[in-house]
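Shown next: data_28.cif, containing mmCIF, C-alpha atoms.
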data_run
#
loop_
_atom_site.group_PDB
_atom_site.id
_atom_site.type_symbol
_atom_site.label_atom_id
_atom_site.label_comp_id
_atom_site.auth_asym_id
_atom_site.auth_seq_id
_atom_site.Cartn_x
_atom_site.Cartn_y
_atom_site.Cartn_z
ATOM 1 C CA MET A 671 25.529 35.552 64.376
ATOM 2 C CA TYR A 672 26.913 34.934 60.928
ATOM 3 C CA ALA A 673 24.581 31.997 60.547
ATOM 4 C CA SER A 674 21.682 34.392 60.159
ATOM 5 C CA LEU A 675 23.184 35.515 56.905
ATOM 6 C CA LEU A 676 23.481 32.053 55.516
ATOM 7 C CA ASN A 677 20.022 30.777 56.128
ATOM 8 C CA TYR A 678 16.603 32.129 55.714
ATOM 9 C CA PRO A 679 14.772 32.535 58.953
ATOM 10 C CA GLY A 680 13.080 29.341 60.043
ATOM 11 C CA ASN A 681 9.447 28.987 59.168
ATOM 12 C CA LEU A 682 6.788 26.341 59.342
ATOM 13 C CA LEU A 683 8.090 24.772 56.192
ATOM 14 C CA GLY A 684 11.652 24.770 57.424
ATOM 15 C CA GLN A 685 11.970 21.030 57.061
ATOM 16 C CA PHE A 686 10.711 21.101 53.493
ATOM 17 C CA GLU A 687 12.962 24.007 52.738
ATOM 18 C CA ARG A 688 15.914 21.975 53.943
ATOM 19 C CA LEU A 689 14.903 18.980 51.884
ATOM 20 C CA ARG A 690 14.426 21.174 48.852
ATOM 21 C CA ARG A 691 17.906 22.605 49.301
ATOM 22 C CA GLU A 692 19.366 19.171 49.519
ATOM 23 C CA LEU A 693 17.625 18.216 46.301
ATOM 24 C CA ASP A 694 18.856 21.418 44.722
ATOM 25 C CA ASP A 695 22.359 20.455 45.688
ATOM 26 C CA VAL A 696 21.880 17.270 43.723
ATOM 27 C CA PHE A 697 20.076 18.643 40.689
ATOM 28 C CA GLY A 698 21.421 22.161 40.686
ATOM 29 C CA VAL A 699 18.038 23.859 40.331
ATOM 30 C CA PRO A 700 18.119 27.631 40.696
ATOM 31 C CA ASP A 701 16.023 27.871 43.798
ATOM 32 C CA LEU A 702 15.475 31.496 44.648
ATOM 33 C CA PRO A 703 12.737 33.770 43.438
ATOM 34 C CA GLY A 704 14.580 35.704 40.802
ATOM 35 C CA SER A 705 15.013 39.410 40.526
ATOM 36 C CA ILE A 706 15.348 40.782 37.019
ATOM 37 C CA ARG A 707 19.050 41.279 37.593
ATOM 38 C CA SER A 708 19.583 37.870 39.080
ATOM 39 C CA VAL A 709 22.031 35.510 37.508
ATOM 40 C CA THR A 710 22.569 31.787 37.417
ATOM 41 C CA PRO A 711 23.789 30.303 40.659
ATOM 42 C CA GLY A 712 27.520 29.926 40.549
ATOM 43 C CA THR A 713 28.131 33.371 39.142
ATOM 44 C CA VAL A 714 31.069 35.059 40.733
ATOM 45 C CA PRO A 715 31.078 36.866 43.006
ATOM 46 C CA ALA A 716 28.363 35.210 45.044
ATOM 47 C CA ILE A 717 26.328 37.716 47.004
ATOM 48 C CA ASN A 718 24.472 37.565 50.277
ATOM 49 C CA VAL A 719 22.222 40.397 51.337
ATOM 50 C CA GLY A 720 20.977 40.993 54.826
ATOM 51 C CA ARG A 721 19.025 43.678 56.576
ATOM 52 C CA THR A 722 18.949 45.183 60.016
ATOM 53 C CA PRO A 723 16.590 47.921 61.182
ATOM 54 C CA ALA A 724 19.333 50.475 60.536
ATOM 55 C CA SER A 725 21.074 49.227 57.412
ATOM 56 C CA VAL A 726 21.195 46.909 54.421
ATOM 57 C CA GLU A 727 24.328 44.772 54.336
ATOM 58 C CA VAL A 728 25.691 43.317 51.109
ATOM 59 C CA TYR A 729 28.418 40.679 51.200
ATOM 60 C CA ALA A 730 30.206 39.893 47.929
ATOM 61 C CA PHE A 731 32.439 36.825 48.076
ATOM 62 C CA ALA A 732 35.265 37.908 45.797
ATOM 63 C CA PRO A 733 38.619 36.516 46.908
ATOM 64 C CA GLY A 734 41.997 37.591 45.621
ATOM 65 C CA LEU A 735 41.227 41.121 44.533
ATOM 66 C CA ASP A 736 43.093 44.347 44.933
ATOM 67 C CA ALA A 737 40.779 46.409 47.137
ATOM 68 C CA SER A 738 41.730 49.633 45.386
ATOM 69 C CA LYS A 739 40.550 48.248 42.073
ATOM 70 C CA ILE A 740 37.070 47.226 43.131
ATOM 71 C CA ASP A 741 34.458 49.580 41.725
ATOM 72 C CA VAL A 742 31.320 50.029 43.759
ATOM 73 C CA THR A 743 28.634 52.376 42.510
ATOM 74 C CA LEU A 744 25.165 53.121 43.753
ATOM 75 C CA ASP A 745 22.885 54.708 41.229
ATOM 76 C CA ARG A 746 19.134 55.061 41.589
ATOM 77 C CA GLY A 747 18.828 52.176 43.952
ATOM 78 C CA VAL A 748 21.031 49.808 41.970
ATOM 79 C CA LEU A 749 24.263 48.729 43.575
ATOM 80 C CA ARG A 750 26.909 47.705 41.082
ATOM 81 C CA ILE A 751 30.114 45.879 41.921
ATOM 82 C CA GLU A 752 32.808 45.616 39.281
ATOM 83 C CA GLY A 753 36.347 44.436 39.306
ATOM 84 C CA GLU A 754 38.952 42.292 37.724
ATOM 85 C CA ARG A 755 40.963 39.343 38.878
ATOM 86 C CA THR A 756 44.240 38.331 37.332
ATOM 87 C CA SER A 757 45.101 34.689 36.939
ATOM 88 C CA ALA A 758 47.863 33.327 39.125
ATOM 89 C CA ILE A 759 48.729 30.598 36.655
ATOM 90 C CA PRO A 760 51.969 31.342 34.834
ATOM 91 C CA ASP A 761 51.923 31.371 31.074
ATOM 92 C CA ALA A 762 52.087 27.947 29.589
ATOM 93 C CA ASP A 763 55.519 26.751 28.710
ATOM 94 C CA ALA A 764 57.269 23.430 28.657
ATOM 95 C CA GLN A 765 58.151 23.686 32.355
ATOM 96 C CA VAL A 766 54.667 24.318 33.702
ATOM 97 C CA HIS A 767 51.834 21.808 33.690
ATOM 98 C CA VAL A 768 48.391 23.030 34.674
ATOM 99 C CA TYR A 769 46.130 20.435 36.272
ATOM 100 C CA ALA A 770 43.217 22.516 37.508
ATOM 101 C CA ARG A 771 41.949 25.886 36.399
ATOM 102 C CA GLU A 772 38.753 26.400 38.337
ATOM 103 C CA ARG A 773 39.381 29.847 39.735
ATOM 104 C CA GLY A 774 38.087 32.287 37.220
ATOM 105 C CA ALA A 775 39.985 35.304 36.080
ATOM 106 C CA GLY A 776 39.013 38.374 34.163
ATOM 107 C CA ARG A 777 36.481 41.139 34.591
ATOM 108 C CA PHE A 778 33.283 40.665 36.496
ATOM 109 C CA ALA A 779 30.281 42.797 37.303
ATOM 110 C CA ARG A 780 27.189 42.261 39.346
ATOM 111 C CA ALA A 781 24.272 44.493 40.080
ATOM 112 C CA ILE A 782 21.578 44.221 42.681
ATOM 113 C CA SER A 783 18.643 46.455 43.374
ATOM 114 C CA LEU A 784 18.325 47.703 46.910
ATOM 115 C CA PRO A 785 15.176 48.389 48.884
ATOM 116 C CA ASP A 786 13.667 51.845 48.372
ATOM 117 C CA ASP A 787 14.367 53.023 51.866
ATOM 118 C CA VAL A 788 18.181 53.099 51.672
ATOM 119 C CA ASP A 789 20.089 56.333 52.030
ATOM 120 C CA PRO A 790 22.618 56.560 49.148
ATOM 121 C CA ALA A 791 24.591 59.175 51.054
ATOM 122 C CA LYS A 792 25.557 56.725 53.772
ATOM 123 C CA VAL A 793 27.454 53.859 52.189
ATOM 124 C CA ASN A 794 30.455 52.142 53.647
ATOM 125 C CA ALA A 795 32.491 49.435 51.900
ATOM 126 C CA GLN A 796 35.163 47.241 53.394
ATOM 127 C CA TYR A 797 37.229 44.394 51.922
ATOM 128 C CA ARG A 798 38.331 41.732 54.369
ATOM 129 C CA ASP A 799 39.507 38.150 53.833
ATOM 130 C CA GLY A 800 38.248 38.226 50.268
ATOM 131 C CA VAL A 801 34.761 39.394 51.158
ATOM 132 C CA LEU A 802 33.531 42.834 50.202
ATOM 133 C CA GLN A 803 31.050 44.106 52.749
ATOM 134 C CA ILE A 804 28.938 47.065 51.744
ATOM 135 C CA SER A 805 26.802 48.646 54.352
ATOM 136 C CA ILE A 806 24.087 51.059 53.263
ATOM 137 C CA ALA A 807 22.167 52.957 55.899
ATOM 138 C CA ARG A 808 18.377 52.964 55.780
ATOM 139 C CA ARG A 809 16.506 56.208 56.053
ATOM 140 C CA GLU A 810 15.360 57.246 59.461
ATOM 141 C CA SER A 811 11.741 57.117 58.360
ATOM 142 C CA ALA A 812 12.142 53.404 57.661
ATOM 143 C CA GLN A 813 13.423 52.609 61.102
ATOM 144 C CA PRO A 814 11.119 51.279 63.755
ATOM 145 C CA LYS A 815 9.908 53.881 66.197
ATOM 146 C CA ARG A 816 8.448 53.544 69.600
ATOM 147 C CA ILE A 817 5.230 55.423 69.944
ATOM 148 C CA THR A 818 4.318 56.734 73.320
ATOM 149 C CA VAL A 819 0.772 56.099 74.330
ATOM 150 C CA GLN A 820 -0.771 59.104 75.968
ATOM 151 C CA MET B 1049 34.863 34.324 36.325
ATOM 152 C CA SER B 1050 34.694 30.721 37.488
ATOM 153 C CA ASP B 1051 31.590 28.611 37.589
ATOM 154 C CA ASN B 1052 32.148 27.684 41.173
ATOM 155 C CA LYS B 1053 28.901 25.889 41.859
ATOM 156 C CA GLN B 1054 28.036 25.222 45.409
ATOM 157 C CA MET B 1055 29.081 21.636 45.206
ATOM 158 C CA THR B 1056 29.200 20.081 48.545
ATOM 159 C CA THR B 1057 31.560 17.381 49.606
ATOM 160 C CA PRO B 1058 29.928 14.110 50.503
ATOM 161 C CA SER B 1059 29.488 14.387 54.209
ATOM 162 C CA ALA B 1060 31.018 11.549 56.092
ATOM 163 C CA ALA B 1061 29.611 10.756 59.484
ATOM 164 C CA GLY B 1062 30.250 13.514 61.973
ATOM 165 C CA GLN B 1063 31.340 16.007 59.345
ATOM 166 C CA GLU B 1064 29.622 19.283 58.767
ATOM 167 C CA ARG B 1065 28.414 20.220 55.326
ATOM 168 C CA ALA B 1066 31.064 22.006 53.337
ATOM 169 C CA VAL B 1067 31.574 23.543 49.918
ATOM 170 C CA LEU B 1068 34.382 22.561 47.577
ATOM 171 C CA PRO B 1069 36.627 25.569 47.080
ATOM 172 C CA ALA B 1070 37.626 26.358 43.492
ATOM 173 C CA VAL B 1071 41.302 25.635 42.928
ATOM 174 C CA ASP B 1072 44.113 26.215 40.469
ATOM 175 C CA VAL B 1073 46.839 23.594 40.493
ATOM 176 C CA PHE B 1074 50.016 23.759 38.484
ATOM 177 C CA GLU B 1075 53.374 22.077 38.543
ATOM 178 C CA ASP B 1076 56.805 23.300 37.630
ATOM 179 C CA ALA B 1077 60.208 21.703 37.902
ATOM 180 C CA ASP B 1078 60.522 22.332 41.659
ATOM 181 C CA GLY B 1079 57.085 21.510 42.939
ATOM 182 C CA ILE B 1080 53.339 21.982 42.831
ATOM 183 C CA THR B 1081 51.448 25.169 43.560
ATOM 184 C CA LEU B 1082 47.818 25.099 44.634
ATOM 185 C CA LEU B 1083 45.575 28.124 44.971
ATOM 186 C CA ALA B 1084 42.187 27.803 46.605
ATOM 187 C CA ASP B 1085 39.415 30.399 46.832
ATOM 188 C CA MET B 1086 38.212 30.571 50.404
ATOM 189 C CA PRO B 1087 36.537 33.943 50.820
ATOM 190 C CA GLY B 1088 35.622 34.935 54.346
ATOM 191 C CA VAL B 1089 38.005 32.512 56.001
ATOM 192 C CA PRO B 1090 40.436 34.165 58.417
ATOM 193 C CA LYS B 1091 43.791 32.599 59.180
ATOM 194 C CA GLU B 1092 42.644 31.321 62.564
ATOM 195 C CA GLN B 1093 39.838 29.344 60.975
ATOM 196 C CA LEU B 1094 41.966 27.622 58.376
ATOM 197 C CA GLU B 1095 43.141 24.087 58.903
ATOM 198 C CA LEU B 1096 45.629 22.173 56.784
ATOM 199 C CA LYS B 1097 46.221 18.539 57.474
ATOM 200 C CA VAL B 1098 48.770 16.256 55.908
ATOM 201 C CA GLU B 1099 48.512 12.585 56.735
ATOM 202 C CA GLY B 1100 50.705 10.258 54.789
ATOM 203 C CA ASP B 1101 50.064 11.251 51.220
ATOM 204 C CA SER B 1102 46.734 12.961 51.747
ATOM 205 C CA LEU B 1103 46.257 16.686 52.108
ATOM 206 C CA LEU B 1104 43.084 18.154 53.579
ATOM 207 C CA ILE B 1105 42.169 21.803 53.405
ATOM 208 C CA GLU B 1106 39.385 23.060 55.602
ATOM 209 C CA GLY B 1107 38.239 26.518 56.519
ATOM 210 C CA CYS B 1108 35.307 28.179 58.185
ATOM 211 C CA MET B 1109 33.969 31.584 57.182
ATOM 212 C CA GLN B 1110 33.803 34.260 59.784
ATOM 213 C CA GLN B 1111 32.531 37.707 59.031
ATOM 214 C CA PRO B 1112 31.598 40.528 61.325
ATOM 215 C CA THR B 1113 27.859 41.009 61.168
ATOM 216 C CA PRO B 1114 25.790 43.730 62.755
ATOM 217 C CA GLU B 1115 23.285 42.774 65.377
ATOM 218 C CA GLY B 1116 19.820 41.766 64.256
ATOM 219 C CA LEU B 1117 20.892 40.884 60.728
ATOM 220 C CA GLU B 1118 18.296 38.976 58.789
ATOM 221 C CA ALA B 1119 18.922 37.463 55.371
ATOM 222 C CA ILE B 1120 16.996 38.690 52.357
ATOM 223 C CA HIS B 1121 19.060 36.971 49.676
ATOM 224 C CA ALA B 1122 21.629 34.242 50.190
ATOM 225 C CA GLU B 1123 23.785 32.595 47.577
ATOM 226 C CA VAL B 1124 26.398 31.404 50.000
ATOM 227 C CA ARG B 1125 24.655 29.215 52.515
ATOM 228 C CA VAL B 1126 27.307 26.829 53.705
ATOM 229 C CA PRO B 1127 29.954 28.664 55.704
ATOM 230 C CA ARG B 1128 32.605 25.995 55.387
ATOM 231 C CA PHE B 1129 35.096 24.908 52.735
ATOM 232 C CA ARG B 1130 36.648 21.487 52.574
ATOM 233 C CA ARG B 1131 38.668 19.702 49.935
ATOM 234 C CA GLY B 1132 41.108 16.842 49.982
ATOM 235 C CA PHE B 1133 43.932 15.914 47.643
ATOM 236 C CA THR B 1134 46.194 12.932 47.288
ATOM 237 C CA LEU B 1135 49.836 13.808 47.058
ATOM 238 C CA SER B 1136 52.500 11.671 45.519
ATOM 239 C CA ARG B 1137 55.777 10.286 46.781
ATOM 240 C CA GLU B 1138 58.113 12.743 45.143
ATOM 241 C CA LEU B 1139 56.496 15.640 46.999
ATOM 242 C CA ASP B 1140 58.123 16.760 50.207
ATOM 243 C CA THR B 1141 55.253 17.261 52.631
ATOM 244 C CA SER B 1142 57.585 18.440 55.387
ATOM 245 C CA ARG B 1143 58.349 21.618 53.482
ATOM 246 C CA ILE B 1144 54.861 22.763 52.463
ATOM 247 C CA GLU B 1145 54.463 26.509 52.575
ATOM 248 C CA ALA B 1146 51.045 28.047 53.056
ATOM 249 C CA ASN B 1147 49.861 31.601 52.732
ATOM 250 C CA LEU B 1148 46.360 33.011 53.108
ATOM 251 C CA LYS B 1149 45.669 36.437 51.699
ATOM 252 C CA ASP B 1150 42.387 38.096 50.784
ATOM 253 C CA GLY B 1151 40.561 34.800 50.928
ATOM 254 C CA VAL B 1152 42.989 32.961 48.648
ATOM 255 C CA LEU B 1153 45.062 30.124 50.052
ATOM 256 C CA THR B 1154 48.358 29.527 48.271
ATOM 257 C CA LEU B 1155 50.116 26.248 48.965
ATOM 258 C CA ARG B 1156 53.517 25.403 47.675
ATOM 259 C CA VAL B 1157 54.487 21.749 47.865
ATOM 260 C CA PRO B 1158 58.114 21.319 46.844
ATOM 261 C CA LYS B 1159 59.527 18.158 45.362
ATOM 262 C CA HIS B 1160 62.230 16.235 47.116
ATOM 263 C CA THR B 1161 65.531 17.454 45.792
ATOM 264 C CA HIS B 1162 66.338 14.028 44.430
ATOM 265 C CA ALA B 1163 63.064 14.067 42.503
ATOM 266 C CA GLN B 1164 63.775 17.276 40.656
ATOM 267 C CA PRO B 1165 64.625 16.839 37.034
ATOM 268 C CA ARG B 1166 68.297 16.797 36.227
ATOM 269 C CA ARG B 1167 69.915 17.138 32.923
ATOM 270 C CA ILE B 1168 72.193 14.218 32.363
ATOM 271 C CA ALA B 1169 75.292 15.113 30.526
ATOM 272 C CA VAL B 1170 76.143 12.762 27.767
ATOM 273 C CA THR B 1171 79.796 12.438 27.126
ATOM 274 C CA ALA B 1172 80.962 11.416 23.778
ATOM 275 C CA GLY B 1173 83.357 8.529 23.912
#

Write the structure described by the file as structure tokens, please.
Amino acid sequence: MYASLLNYPGNLLGQFERLRRELDDVFGVPDLPGSIRSVTPGTVPAINVGRTPASVEVYAFAPGLDASKIDVTLDRGVLRIEGERTSAIPDADAQVHVYARERGAGRFARAISLPDDVDPAKVNAQYRDGVLQISIARRESAQPKRITVQ
Amino acid sequence: MSDNKQMTTPSAAGQERAVLPAVDVFEDADGITLLADMPGVPKEQLELKVEGDSLLIEGCMQQPTPEGLEAIHAEVRVPRFRRGFTLSRELDTSRIEANLKDGVLTLRVPKHTHAQPRRIAVTAG
């Protein structure tokens, strides 16, 4: 089930899409159609967005945070995630040698615009295993309805 | 924060594609500490392997997803982390401690007691 969130649905050009991704892995080309608030790939936290008939699901991959200090706001269709991560590396002194410092620390913020049909009154956020999952309900009018034929 | 690009490890035969987790590595007098970002990986899906002087960290993401979920934007597309390290002789691999919390793996590899630095007293004579 989780796989659906990691890959775009298969299409006729699926093979080309896969090849393109592999090339992107090599050359690091930003490969998604960009929204105005989009950022360079590699920006932390990485975000995946998925949709079901009833909700929009946002997954922010932000490990090592204090859940109570993550700020999530939804204002006029823009979802904003802010927080701060403290470095685990002790202050440099003669006793400590640092070999790798790849995990970023400091403040971060990301914003994404949500589809128009979300209901800002029904938002639910949960932090688990370093992933922040925000679930925003879609309005009833946007949900598929079965129409009885008379 | 970090510029953790989605670098993938060269896939050897029979291995699934995986992303290199971002790490911090630092050493103090008693050992080496390694922190690795592995968001979405629960404890049950984490695998640590020590063989001789090589250490392999591998983890698979697992997140609850509602039924019928379809992706509209995906920055994380490879649900697996993998990274290997070569250890050195003075490290005591039998006493490695590992802890996984909020998607961050913390590994502590202590040095053999005989490898820890000692101050050698110089006696005047």

Near chain A, which residues of chain B fall within 8 Å when you count only C-alpha atoms, and what do they look like as number ranges by chain? B: 1049-1056, 1070-1077, 1084-1090, 1110-1127, 1149-1152

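Reported to one decimal place, the separation of CA of Gln1093 (chain B) from CA of Gln796 (chain A) is 20.0 Å.
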
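Here CA of Leu1153 (chain B) and CA of Met1109 (chain B) stand 13.3 Å from one another.
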
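If you look at CA of Ser811 (chain A) and CA of Gly747 (chain A), they are 16.8 Å away from each other.
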
Could you give me, as a PyMOL selection string, the residues within 7 Å of Phe1129 (chain B), counting all atoms listed in the file and dropping anything in the same chain fewer than 5 positions from it? chain B and resi 1066-1069+1086+1106-1108

Would you save the residues from that selection as a PDB file, in the frame of the given file, using C-alpha atoms?
ATOM      1  CA  ALA B1066      31.064  22.006  53.337  1.00  0.00           C
ATOM      2  CA  VAL B1067      31.574  23.543  49.918  1.00  0.00           C
ATOM      3  CA  LEU B1068      34.382  22.561  47.577  1.00  0.00           C
ATOM      4  CA  PRO B1069      36.627  25.569  47.080  1.00  0.00           C
ATOM      5  CA  MET B1086      38.212  30.571  50.404  1.00  0.00           C
ATOM      6  CA  GLU B1106      39.385  23.060  55.602  1.00  0.00           C
ATOM      7  CA  GLY B1107      38.239  26.518  56.519  1.00  0.00           C
ATOM      8  CA  CYS B1108      35.307  28.179  58.185  1.00  0.00           C
TER       9      CYS B1108
END

Resolved residues for the PyMOL selection byres ((chain B and resi 1155-1165) around 8) as a VMD selection string: chain B and resid 1077 to 1083 1138 to 1141 1143 to 1147 1153 to 1154 1166 to 1167

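With distances restricted to only C-alpha atoms, A:Arg780 is the closest residue to Ile751 (chain A) from A:Lys739, A:Arg816, A:Arg780, A:Lys792.
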
Expected selection from the PyMOL selection byres ((chain B and resi 1131) around 6), given as a PyMOL selection string: chain B and resi 1068+1104-1105+1130+1132

Writing out the chosen residues with C-alpha atoms as a compact mmCIF listing (two decimals), keeping the file's coordinate frame:
# COMPACT_ATOMS: atom_id res chain seq x y z
CA LEU B 1068 34.38 22.56 47.58
CA LEU B 1104 43.08 18.15 53.58
CA ILE B 1105 42.17 21.80 53.40
CA ARG B 1130 36.65 21.49 52.57
CA GLY B 1132 41.11 16.84 49.98
